[in-house]
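S.K.: Just start-v6.cif, nothing more (mmCIF, C-alpha atoms and all ligand atoms):
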```cif
data_target
#
loop_
_atom_site.label_atom_id
_atom_site.label_comp_id
_atom_site.auth_asym_id
_atom_site.auth_seq_id
_atom_site.Cartn_x
_atom_site.Cartn_y
_atom_site.Cartn_z
CA MET M 41 -9.76 -52.10 42.44
CA LYS M 42 -7.08 -50.28 40.43
CA ALA M 43 -8.03 -46.62 39.86
CA ILE M 44 -8.13 -46.94 36.08
CA TRP M 45 -10.47 -49.96 36.22
CA LYS M 46 -12.61 -48.29 38.83
CA ARG M 47 -13.05 -45.31 36.52
CA TRP M 48 -13.83 -47.51 33.53
CA PHE M 49 -16.35 -49.45 35.59
CA ASN M 50 -17.99 -46.30 36.95
CA LYS M 51 -18.29 -44.76 33.52
CA ASN M 52 -19.77 -47.81 31.90
CA ALA M 53 -21.89 -49.13 34.73
CA SER M 54 -23.28 -45.88 36.01
CA ALA M 55 -25.73 -45.39 33.15
CA TYR M 56 -27.51 -48.39 34.70
CA ILE M 57 -27.97 -47.00 38.19
CA ASP M 58 -31.06 -48.67 39.58
CA SER M 59 -34.24 -46.67 39.93
CA GLU M 60 -34.44 -47.40 43.64
CA SER M 61 -31.25 -45.52 44.49
CA ILE M 62 -32.32 -42.67 42.21
CA GLU M 63 -35.68 -42.50 44.03
CA GLU M 64 -33.88 -42.50 47.39
CA MET M 65 -31.68 -39.63 46.28
CA LYS M 66 -34.68 -37.70 44.95
CA ASP M 67 -36.53 -38.16 48.25
CA ALA M 68 -33.61 -36.63 50.10
CA GLY M 69 -33.97 -33.51 47.88
CA VAL M 70 -31.87 -32.86 44.82
CA PRO M 71 -30.43 -29.40 44.14
CA ARG M 72 -32.75 -27.32 41.96
CA HIS M 73 -29.92 -25.68 40.05
CA VAL M 74 -26.54 -27.33 39.40
CA ALA M 75 -23.76 -25.39 37.67
CA ILE M 76 -20.71 -27.19 36.30
CA ILE M 77 -17.29 -25.93 35.23
CA MET M 78 -16.39 -28.69 32.78
CA ASP M 79 -12.60 -28.73 32.93
CA GLY M 80 -9.88 -31.14 31.84
CA ASN M 81 -10.74 -31.94 28.22
CA GLY M 82 -7.26 -30.94 27.03
CA ARG M 83 -5.47 -33.03 29.67
CA TRP M 84 -7.71 -36.01 28.92
CA ALA M 85 -6.65 -35.82 25.27
CA ASN M 86 -2.96 -35.21 26.08
CA LYS M 87 -2.84 -38.31 28.24
CA ARG M 88 -3.94 -40.33 25.23
CA SER M 89 -1.69 -38.49 22.75
CA LEU M 90 -4.77 -37.17 21.01
CA PRO M 91 -5.35 -33.61 19.78
CA ARG M 92 -7.03 -31.35 22.36
CA VAL M 93 -10.19 -31.18 20.26
CA ALA M 94 -10.68 -34.93 20.78
CA GLY M 95 -11.09 -34.11 24.47
CA HIS M 96 -13.72 -31.50 23.65
CA TYR M 97 -15.60 -33.99 21.47
CA GLU M 98 -15.59 -36.54 24.30
CA GLY M 99 -16.66 -33.73 26.63
CA MET M 100 -19.65 -33.03 24.40
CA LYS M 101 -20.77 -36.65 24.77
CA VAL M 102 -20.60 -36.26 28.54
CA VAL M 103 -22.76 -33.12 28.26
CA GLN M 104 -25.37 -35.28 26.57
CA ARG M 105 -25.23 -37.95 29.30
CA MET M 106 -25.30 -35.49 32.19
CA THR M 107 -28.26 -33.68 30.64
CA ARG M 108 -30.13 -36.98 30.53
CA PHE M 109 -29.13 -37.68 34.10
CA ALA M 110 -30.18 -34.22 35.37
CA ASP M 111 -33.53 -34.72 33.68
CA ARG M 112 -33.89 -38.18 35.19
CA VAL M 113 -33.24 -37.08 38.77
CA GLY M 114 -35.45 -33.99 38.55
CA ILE M 115 -32.92 -31.15 38.61
CA ASP M 116 -34.64 -27.95 37.37
CA ILE M 117 -31.65 -26.15 35.85
CA LEU M 118 -28.32 -27.49 34.63
CA THR M 119 -25.85 -24.73 33.78
CA LEU M 120 -22.70 -25.80 31.91
CA TYR M 121 -19.68 -23.56 31.31
CA ALA M 122 -18.90 -24.44 27.69
CA PHE M 123 -16.93 -21.40 26.44
CA SER M 124 -15.68 -18.42 28.40
CA THR M 125 -15.00 -14.91 27.11
CA GLU M 126 -11.31 -15.70 27.85
CA ASN M 127 -11.34 -18.86 25.67
CA TRP M 128 -10.95 -16.70 22.53
CA LYS M 129 -7.25 -16.54 23.49
CA ARG M 130 -6.81 -20.21 22.47
CA PRO M 131 -5.36 -21.24 19.08
CA GLU M 132 -7.68 -20.49 16.18
CA THR M 133 -8.19 -24.15 15.27
CA GLU M 134 -9.35 -24.97 18.80
CA VAL M 135 -11.68 -21.94 18.93
CA ASP M 136 -13.13 -22.89 15.52
CA TYR M 137 -13.76 -26.40 16.77
CA LEU M 138 -15.41 -25.19 19.98
CA MET M 139 -17.66 -22.93 17.89
CA LYS M 140 -18.77 -25.95 15.84
CA LEU M 141 -19.55 -28.12 18.86
CA PRO M 142 -22.92 -26.57 19.78
CA VAL M 143 -23.96 -26.98 16.14
CA GLU M 144 -23.06 -30.67 16.16
CA PHE M 145 -24.50 -31.20 19.63
CA LEU M 146 -27.84 -29.65 18.72
CA ASP M 147 -27.92 -31.40 15.36
CA LYS M 148 -27.69 -34.74 17.13
CA PHE M 149 -29.46 -34.08 20.38
CA LEU M 150 -32.15 -31.43 19.83
CA PRO M 151 -34.92 -33.91 18.88
CA GLU M 152 -34.32 -35.80 22.13
CA LEU M 153 -34.25 -32.55 24.12
CA ILE M 154 -37.57 -31.56 22.59
CA GLU M 155 -39.04 -34.98 23.32
CA LYS M 156 -37.88 -34.67 26.95
CA ASN M 157 -39.49 -31.22 27.28
CA VAL M 158 -36.07 -29.61 27.94
CA ARG M 159 -35.72 -25.87 27.43
CA VAL M 160 -32.39 -24.81 25.95
CA ASN M 161 -31.00 -21.48 27.04
CA ILE M 162 -27.72 -19.90 26.05
CA MET M 163 -26.16 -17.54 28.56
CA GLY M 164 -23.50 -15.30 27.03
CA GLU M 165 -22.78 -12.70 24.39
CA LEU M 166 -24.36 -14.26 21.33
CA GLU M 167 -23.68 -11.24 19.09
CA LYS M 168 -19.97 -12.10 18.95
CA LEU M 169 -20.46 -15.72 17.83
CA PRO M 170 -19.91 -16.86 14.24
CA LYS M 171 -23.10 -17.00 12.23
CA HIS M 172 -23.39 -20.81 12.12
CA THR M 173 -23.03 -21.08 15.90
CA ARG M 174 -25.43 -18.25 16.58
CA ASN M 175 -28.06 -19.61 14.19
CA ALA M 176 -27.92 -23.08 15.79
CA VAL M 177 -28.23 -21.87 19.36
CA GLU M 178 -30.88 -19.28 18.61
CA SER M 179 -33.01 -21.76 16.75
CA ALA M 180 -32.67 -24.30 19.61
CA MET M 181 -33.77 -21.63 22.10
CA ASN M 182 -36.65 -20.75 19.87
CA GLU M 183 -37.78 -24.31 19.28
CA THR M 184 -37.73 -25.15 22.99
CA LYS M 185 -38.93 -21.86 24.45
CA GLU M 186 -42.33 -23.25 25.49
CA ASN M 187 -40.85 -26.35 27.15
CA THR M 188 -41.43 -26.66 30.86
CA GLY M 189 -38.99 -29.39 31.95
CA LEU M 190 -35.27 -29.19 32.69
CA VAL M 191 -33.55 -25.96 31.64
CA LEU M 192 -30.25 -26.74 29.91
CA ASN M 193 -28.41 -23.45 30.33
CA LEU M 194 -25.23 -23.42 28.27
CA ALA M 195 -22.80 -20.68 29.25
CA PHE M 196 -21.25 -19.89 25.91
CA ASN M 197 -19.07 -16.84 25.34
CA TYR M 198 -19.86 -16.08 28.95
CA GLY M 199 -17.85 -14.06 31.46
CA SER M 200 -19.20 -13.09 34.84
CA ARG M 201 -17.51 -9.70 35.17
CA ALA M 202 -18.76 -8.66 31.74
CA GLU M 203 -22.24 -9.84 32.76
CA ILE M 204 -22.12 -7.69 35.93
CA VAL M 205 -20.87 -4.63 34.03
CA GLN M 206 -23.61 -5.16 31.45
CA ALA M 207 -26.23 -5.34 34.22
CA ALA M 208 -24.92 -2.05 35.67
CA GLN M 209 -25.17 -0.46 32.20
CA TYR M 210 -28.77 -1.70 31.75
CA ILE M 211 -29.67 -0.27 35.16
CA LEU M 212 -28.16 3.13 34.27
CA ASP M 213 -30.11 3.13 31.00
CA ASP M 214 -33.30 2.12 32.82
CA TYR M 215 -32.91 4.96 35.33
CA LYS M 216 -32.25 7.45 32.55
CA GLN M 217 -35.33 6.28 30.63
CA GLY M 218 -37.50 6.30 33.77
CA ARG M 219 -38.06 2.55 33.61
CA LEU M 220 -36.84 2.08 37.19
CA PRO M 221 -38.45 3.76 40.20
CA GLU M 222 -36.52 6.48 42.04
CA GLY M 223 -34.91 5.23 45.24
CA PRO M 224 -32.16 2.84 46.20
CA LEU M 225 -31.16 -0.05 44.00
CA THR M 226 -31.86 -3.41 45.63
CA GLU M 227 -30.19 -6.81 45.18
CA GLU M 228 -33.38 -8.09 43.56
CA MET M 229 -33.37 -5.21 41.06
CA PHE M 230 -29.72 -5.90 40.28
CA SER M 231 -30.28 -9.66 39.87
CA SER M 232 -33.12 -9.02 37.48
CA HIS M 233 -30.66 -7.40 35.06
CA LEU M 234 -28.31 -10.39 34.97
CA MET M 235 -28.39 -13.11 32.31
CA THR M 236 -29.92 -15.46 34.89
CA LYS M 237 -32.83 -13.13 35.62
CA ASP M 238 -35.47 -15.86 35.56
CA MET M 239 -33.42 -18.49 37.38
CA VAL M 240 -32.82 -19.41 40.99
CA ASP M 241 -29.16 -19.22 42.00
CA PRO M 242 -27.16 -22.46 41.72
CA ASP M 243 -27.47 -24.65 44.81
CA LEU M 244 -24.44 -26.69 43.82
CA LEU M 245 -21.31 -25.86 41.83
CA ILE M 246 -19.19 -28.70 40.48
CA ARG M 247 -15.72 -28.23 38.97
CA THR M 248 -13.84 -31.12 37.46
CA SER M 249 -10.11 -31.72 36.83
CA GLY M 250 -8.68 -30.73 40.21
CA GLU M 251 -8.63 -26.96 39.64
CA ILE M 252 -10.01 -25.03 42.61
CA ARG M 253 -11.09 -21.68 41.19
CA LEU M 254 -14.12 -19.96 39.68
CA SER M 255 -12.57 -18.67 36.45
CA ASN M 256 -14.97 -15.75 36.05
CA PHE M 257 -18.05 -17.97 36.37
CA MET M 258 -21.33 -16.76 37.94
CA LEU M 259 -19.58 -14.65 40.60
CA TRP M 260 -22.82 -13.03 41.77
CA GLN M 261 -25.02 -16.11 41.55
CA LEU M 262 -22.65 -18.46 43.44
CA ALA M 263 -22.60 -16.32 46.60
CA TYR M 264 -24.31 -19.03 48.70
CA SER M 265 -23.85 -22.15 46.57
CA GLU M 266 -22.24 -25.33 47.84
CA PHE M 267 -18.97 -26.13 46.02
CA TRP M 268 -17.82 -29.63 45.08
CA PHE M 269 -14.48 -30.25 43.40
CA THR M 270 -13.21 -33.46 41.87
CA ASP M 271 -9.94 -34.55 40.24
CA VAL M 272 -11.90 -36.41 37.56
CA LEU M 273 -11.37 -34.91 34.09
CA TRP M 274 -14.61 -33.85 32.40
CA PRO M 275 -14.56 -36.53 29.65
CA ASP M 276 -14.35 -39.15 32.43
CA PHE M 277 -17.12 -37.61 34.53
CA SER M 278 -19.89 -40.13 35.07
CA GLU M 279 -23.34 -40.48 36.59
CA ALA M 280 -21.66 -42.03 39.63
CA ASP M 281 -19.59 -38.85 40.10
CA PHE M 282 -22.72 -36.72 39.72
CA ILE M 283 -24.46 -38.82 42.38
CA GLU M 284 -21.45 -38.46 44.70
CA ALA M 285 -21.66 -34.67 44.32
CA ILE M 286 -25.39 -34.63 45.02
CA LYS M 287 -25.02 -36.90 48.06
CA GLU M 288 -22.30 -34.67 49.45
CA TYR M 289 -24.59 -31.67 48.81
CA GLN M 290 -27.34 -33.41 50.76
CA ARG M 291 -24.99 -33.82 53.75
CA ARG M 292 -24.16 -30.11 53.86
CA SER M 293 -26.03 -27.78 56.14
CA ARG M 294 -26.82 -24.53 54.38
CA ARG M 295 -27.09 -21.59 56.71
CA TYR M 296 -26.85 -18.57 54.39
CA GLY M 297 -24.91 -16.69 57.05
CA GLY M 298 -27.41 -17.53 59.82
CA LEU M 299 -27.12 -20.17 62.54
C1 LIG M 301 -12.08 -26.71 29.57
O1 LIG M 301 -11.16 -27.76 29.45
C2 LIG M 301 -13.15 -26.93 28.64
C3 LIG M 301 -13.52 -26.09 27.65
C4 LIG M 301 -12.90 -24.78 27.42
C5 LIG M 301 -14.58 -26.45 26.71
C6 LIG M 301 -15.67 -27.24 27.32
C7 LIG M 301 -16.55 -27.76 26.26
C8 LIG M 301 -17.18 -28.96 26.33
C9 LIG M 301 -17.08 -29.86 27.48
C10 LIG M 301 -18.07 -29.41 25.25
C11 LIG M 301 -19.15 -28.40 25.08
C12 LIG M 301 -20.35 -28.99 24.54
C13 LIG M 301 -21.34 -28.26 24.01
C14 LIG M 301 -22.60 -28.92 23.75
C15 LIG M 301 -21.23 -26.85 23.67
P1 LIG M 301 -9.70 -27.43 28.93
O2 LIG M 301 -9.69 -27.52 27.46
O3 LIG M 301 -9.26 -26.11 29.48
O4 LIG M 301 -8.88 -28.61 29.57
P2 LIG M 301 -7.39 -28.53 30.14
O5 LIG M 301 -7.44 -27.60 31.33
O6 LIG M 301 -7.13 -29.93 30.53
O7 LIG M 301 -6.53 -28.03 29.04
#
```
What would you get if you wrote out this structure as structure tokens?
M.R.:
Amino acid sequence: MKAIWKRWFNKNASAYIDSESIEEMKDAGVPRHVAIIMDGNGRWANKRSLPRVAGHYEGMKVVQRMTRFADRVGIDILTLYAFSTENWKRPETEVDYLMKLPVEFLDKFLPELIEKNVRVNIMGELEKLPKHTRNAVESAMNETKENTGLVLNLAFNYGSRAEIVQAAQYILDDYKQGRLPEGPLTEEMFSSHLMTKDMVDPDLLIRTSGEIRLSNFMLWQLAYSEFWFTDVLWPDFSEADFIEAIKEYQRRSRRYGGL
């Protein structure tokens, strides 16, 4: 089948993946925490002579579908890199649009997230967000805080180095205030000051669009994660691609430095 048709078929048919193959995949053990670097929105739009923001809008729709899929297959945490601390360097119109996306996304999708018992978490520096963005994400976190199903963890205005420096600062403050016991700092103590303090580390990292780098994403937490890269641009990413990543993950043998 020609690549373009294959992609069209995958995207449109994969929402109908039969329950039997989902059950099979679940039995083999799905990753508890999947983190995704959603890349390629701009290139997707360029290819179609559309403005870059059209790629982001399409990308938002894929966020919705992959959240449904993660919930369906029983993933515990889905972390999505939606805006990095470096993304402020983009043209103002694009940044403004990206700041409006969570508002639109939550406007449309929050009732379904609530119905599905999904807990929304935002990982990043919320203080620096425009008021409308901050209000939307804070109210979604608040409205879903008691939910016990999938955690949809949106990394928004997130940068891993800043997160690590912030953790070091919190630890210094805690020592000064006597909130930490005397004695050596442990990895567990350090982890508990990161933005992911209540989460297991990602088992699987996915990056779309053919780029093979971490771009300041979860540098501490990804120490032992399995990485899966695909050339597929994020707006084209489908359930079939997600399944391929999970199946590859299931074939890997994780040794954490042991034998
Ligand atoms: C990287 O692609 C993508 C982003 C900087 C934004 C990602 C945002 C979304 C997928 C939508 C977010 C949805 C919610 C709900 C907040 P790029 O623009 O760098 O693509 P390029 O490398 O092809 O230019």
S.K.: Which residue gives the smallest distance to Gly82 (chain M) among M:Asp111, M:Glu134, M:Glu60, M:Asp67, with all atoms listed in the file counted?
M.R.: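 Looking at the shortest contact to Gly82 (chain M), the residue is M:Glu134.
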S.K.: Counting all atoms listed in the file, what residues are within 10 Å of ligand LIG 301 (chain M), given as JSON, numbers by chain?
M.R.: {"M": [76, 77, 78, 79, 80, 81, 82, 83, 84, 85, 86, 87, 92, 93, 95, 96, 97, 98, 99, 100, 101, 102, 103, 104, 120, 121, 122, 123, 124, 126, 127, 128, 130, 134, 135, 137, 138, 139, 140, 141, 142, 143, 144, 145, 146, 149, 162, 173, 177, 194, 195, 196, 248, 249, 250, 251, 273, 274, 275]}
S.K.: For Gly189 (chain M), which of M:Leu118, M:Ala94, M:Met163, M:Ala202 is the closest residue, counting all atoms listed in the file?
M.R.: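 Nearest to Gly189 (chain M): M:Leu118.
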S.K.: Check the smallest atom-to-atom distance from each of M:Asn197, M:Thr188, M:Ser278, M:Thr119 to Arg105 (chain M) using all atoms listed in the file, then report the winner.
M.R.: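 Ranking M:Asn197, M:Thr188, M:Ser278, M:Thr119 by distance to Arg105 (chain M), first place goes to M:Ser278.
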S.K.: Quick one: residues within 9 Å of region 213-220 of chain M, all atoms listed in the file, excluding same-chain residues fewer than 4 positions away - as a VMD selection string?
M.R.: chain M and resid 208 to 209 229
S.K.: With all atoms listed in the file as the atoms that count, which of M:Arg201, M:Lys171, M:Lys129, M:Arg159 lies nearest to Ser255 (chain M)?
M.R.: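 Counting all atoms listed in the file, the residue closest to Ser255 (chain M) is M:Arg201.
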S.K.: With distances taken over only C-alpha atoms, which of M:Tyr198, M:Arg72, M:Glu186, M:Leu90 is nearest to Val240 (chain M)?
M.R.: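 Checking each of M:Tyr198, M:Arg72, M:Glu186, M:Leu90 against Val240 (chain M), counting only C-alpha atoms, the winner is M:Arg72.
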S.K.: Please provide the set of residues having any atom within 12 Å of Leu234 (chain M), restricted to all atoms listed in the file, with same-chain residues fewer than 4 positions apart removed, written as a ChimeraX atom specification.
M.R.: /M:163-164,198-211,227-230,238-241,258-261
S.K.: Between M:Pro242, M:Arg247, M:Glu266, M:Lys185, which residue has the minimum interatomic distance to Arg291 (chain M), considering all atoms listed in the file?
M.R.: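 Nearest candidate to Arg291 (chain M) out of M:Pro242, M:Arg247, M:Glu266, M:Lys185: M:Glu266.
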S.K.: Extending 6 Å beyond the listed atoms of region 277-284 of chain M on each side, what axis-aligned box results? I want centre and edge lengths in Å to one decimal, as AutoDock Vina command-line options.
M.R.:
```
--center_x -20.8 --center_y -39.4 --center_z 39.6 --size_x 19.3 --size_y 17.3 --size_z 22.2
```
S.K.: Generate N, CA, C and O atoms for region 182-193 of chain M and emit them as a PDB file, in the frame of the given file.
M.R.:
```
ATOM      1  N   ASN M 182     -35.330 -21.043  20.404  1.00  0.00           N
ATOM      2  CA  ASN M 182     -36.650 -20.750  19.870  1.00  0.00           C
ATOM      3  C   ASN M 182     -37.559 -21.989  19.853  1.00  0.00           C
ATOM      4  O   ASN M 182     -38.703 -21.941  20.295  1.00  0.00           O
ATOM      5  N   GLU M 183     -36.971 -23.082  19.393  1.00  0.00           N
ATOM      6  CA  GLU M 183     -37.780 -24.310  19.280  1.00  0.00           C
ATOM      7  C   GLU M 183     -38.173 -24.886  20.627  1.00  0.00           C
ATOM      8  O   GLU M 183     -39.096 -25.693  20.711  1.00  0.00           O
ATOM      9  N   THR M 184     -37.443 -24.535  21.679  1.00  0.00           N
ATOM     10  CA  THR M 184     -37.730 -25.150  22.990  1.00  0.00           C
ATOM     11  C   THR M 184     -38.313 -24.145  23.979  1.00  0.00           C
ATOM     12  O   THR M 184     -38.481 -24.460  25.151  1.00  0.00           O
ATOM     13  N   LYS M 185     -38.588 -22.925  23.497  1.00  0.00           N
ATOM     14  CA  LYS M 185     -38.930 -21.860  24.450  1.00  0.00           C
ATOM     15  C   LYS M 185     -40.207 -22.139  25.271  1.00  0.00           C
ATOM     16  O   LYS M 185     -40.356 -21.619  26.367  1.00  0.00           O
ATOM     17  N   GLU M 186     -41.093 -22.969  24.741  1.00  0.00           N
ATOM     18  CA  GLU M 186     -42.330 -23.250  25.490  1.00  0.00           C
ATOM     19  C   GLU M 186     -42.169 -24.459  26.412  1.00  0.00           C
ATOM     20  O   GLU M 186     -43.086 -24.810  27.145  1.00  0.00           O
ATOM     21  N   ASN M 187     -41.025 -25.137  26.344  1.00  0.00           N
ATOM     22  CA  ASN M 187     -40.850 -26.350  27.150  1.00  0.00           C
ATOM     23  C   ASN M 187     -40.785 -26.020  28.639  1.00  0.00           C
ATOM     24  O   ASN M 187     -40.279 -24.974  29.037  1.00  0.00           O
ATOM     25  N   THR M 188     -41.275 -26.964  29.441  1.00  0.00           N
ATOM     26  CA  THR M 188     -41.430 -26.660  30.860  1.00  0.00           C
ATOM     27  C   THR M 188     -40.610 -27.598  31.760  1.00  0.00           C
ATOM     28  O   THR M 188     -40.744 -27.582  32.971  1.00  0.00           O
ATOM     29  N   GLY M 189     -39.784 -28.452  31.148  1.00  0.00           N
ATOM     30  CA  GLY M 189     -38.990 -29.390  31.950  1.00  0.00           C
ATOM     31  C   GLY M 189     -37.640 -28.787  32.335  1.00  0.00           C
ATOM     32  O   GLY M 189     -37.536 -27.575  32.572  1.00  0.00           O
ATOM     33  N   LEU M 190     -36.637 -29.633  32.358  1.00  0.00           N
ATOM     34  CA  LEU M 190     -35.270 -29.190  32.690  1.00  0.00           C
ATOM     35  C   LEU M 190     -34.842 -28.005  31.820  1.00  0.00           C
ATOM     36  O   LEU M 190     -35.132 -27.993  30.616  1.00  0.00           O
ATOM     37  N   VAL M 191     -34.161 -27.037  32.431  1.00  0.00           N
ATOM     38  CA  VAL M 191     -33.550 -25.960  31.640  1.00  0.00           C
ATOM     39  C   VAL M 191     -32.069 -26.334  31.460  1.00  0.00           C
ATOM     40  O   VAL M 191     -31.344 -26.493  32.442  1.00  0.00           O
ATOM     41  N   LEU M 192     -31.664 -26.503  30.214  1.00  0.00           N
ATOM     42  CA  LEU M 192     -30.250 -26.740  29.910  1.00  0.00           C
ATOM     43  C   LEU M 192     -29.667 -25.377  29.538  1.00  0.00           C
ATOM     44  O   LEU M 192     -29.945 -24.841  28.465  1.00  0.00           O
ATOM     45  N   ASN M 193     -28.927 -24.818  30.486  1.00  0.00           N
ATOM     46  CA  ASN M 193     -28.410 -23.450  30.330  1.00  0.00           C
ATOM     47  C   ASN M 193     -26.930 -23.527  29.982  1.00  0.00           C
ATOM     48  O   ASN M 193     -26.090 -23.775  30.835  1.00  0.00           O
TER      49      ASN M 193
END
```
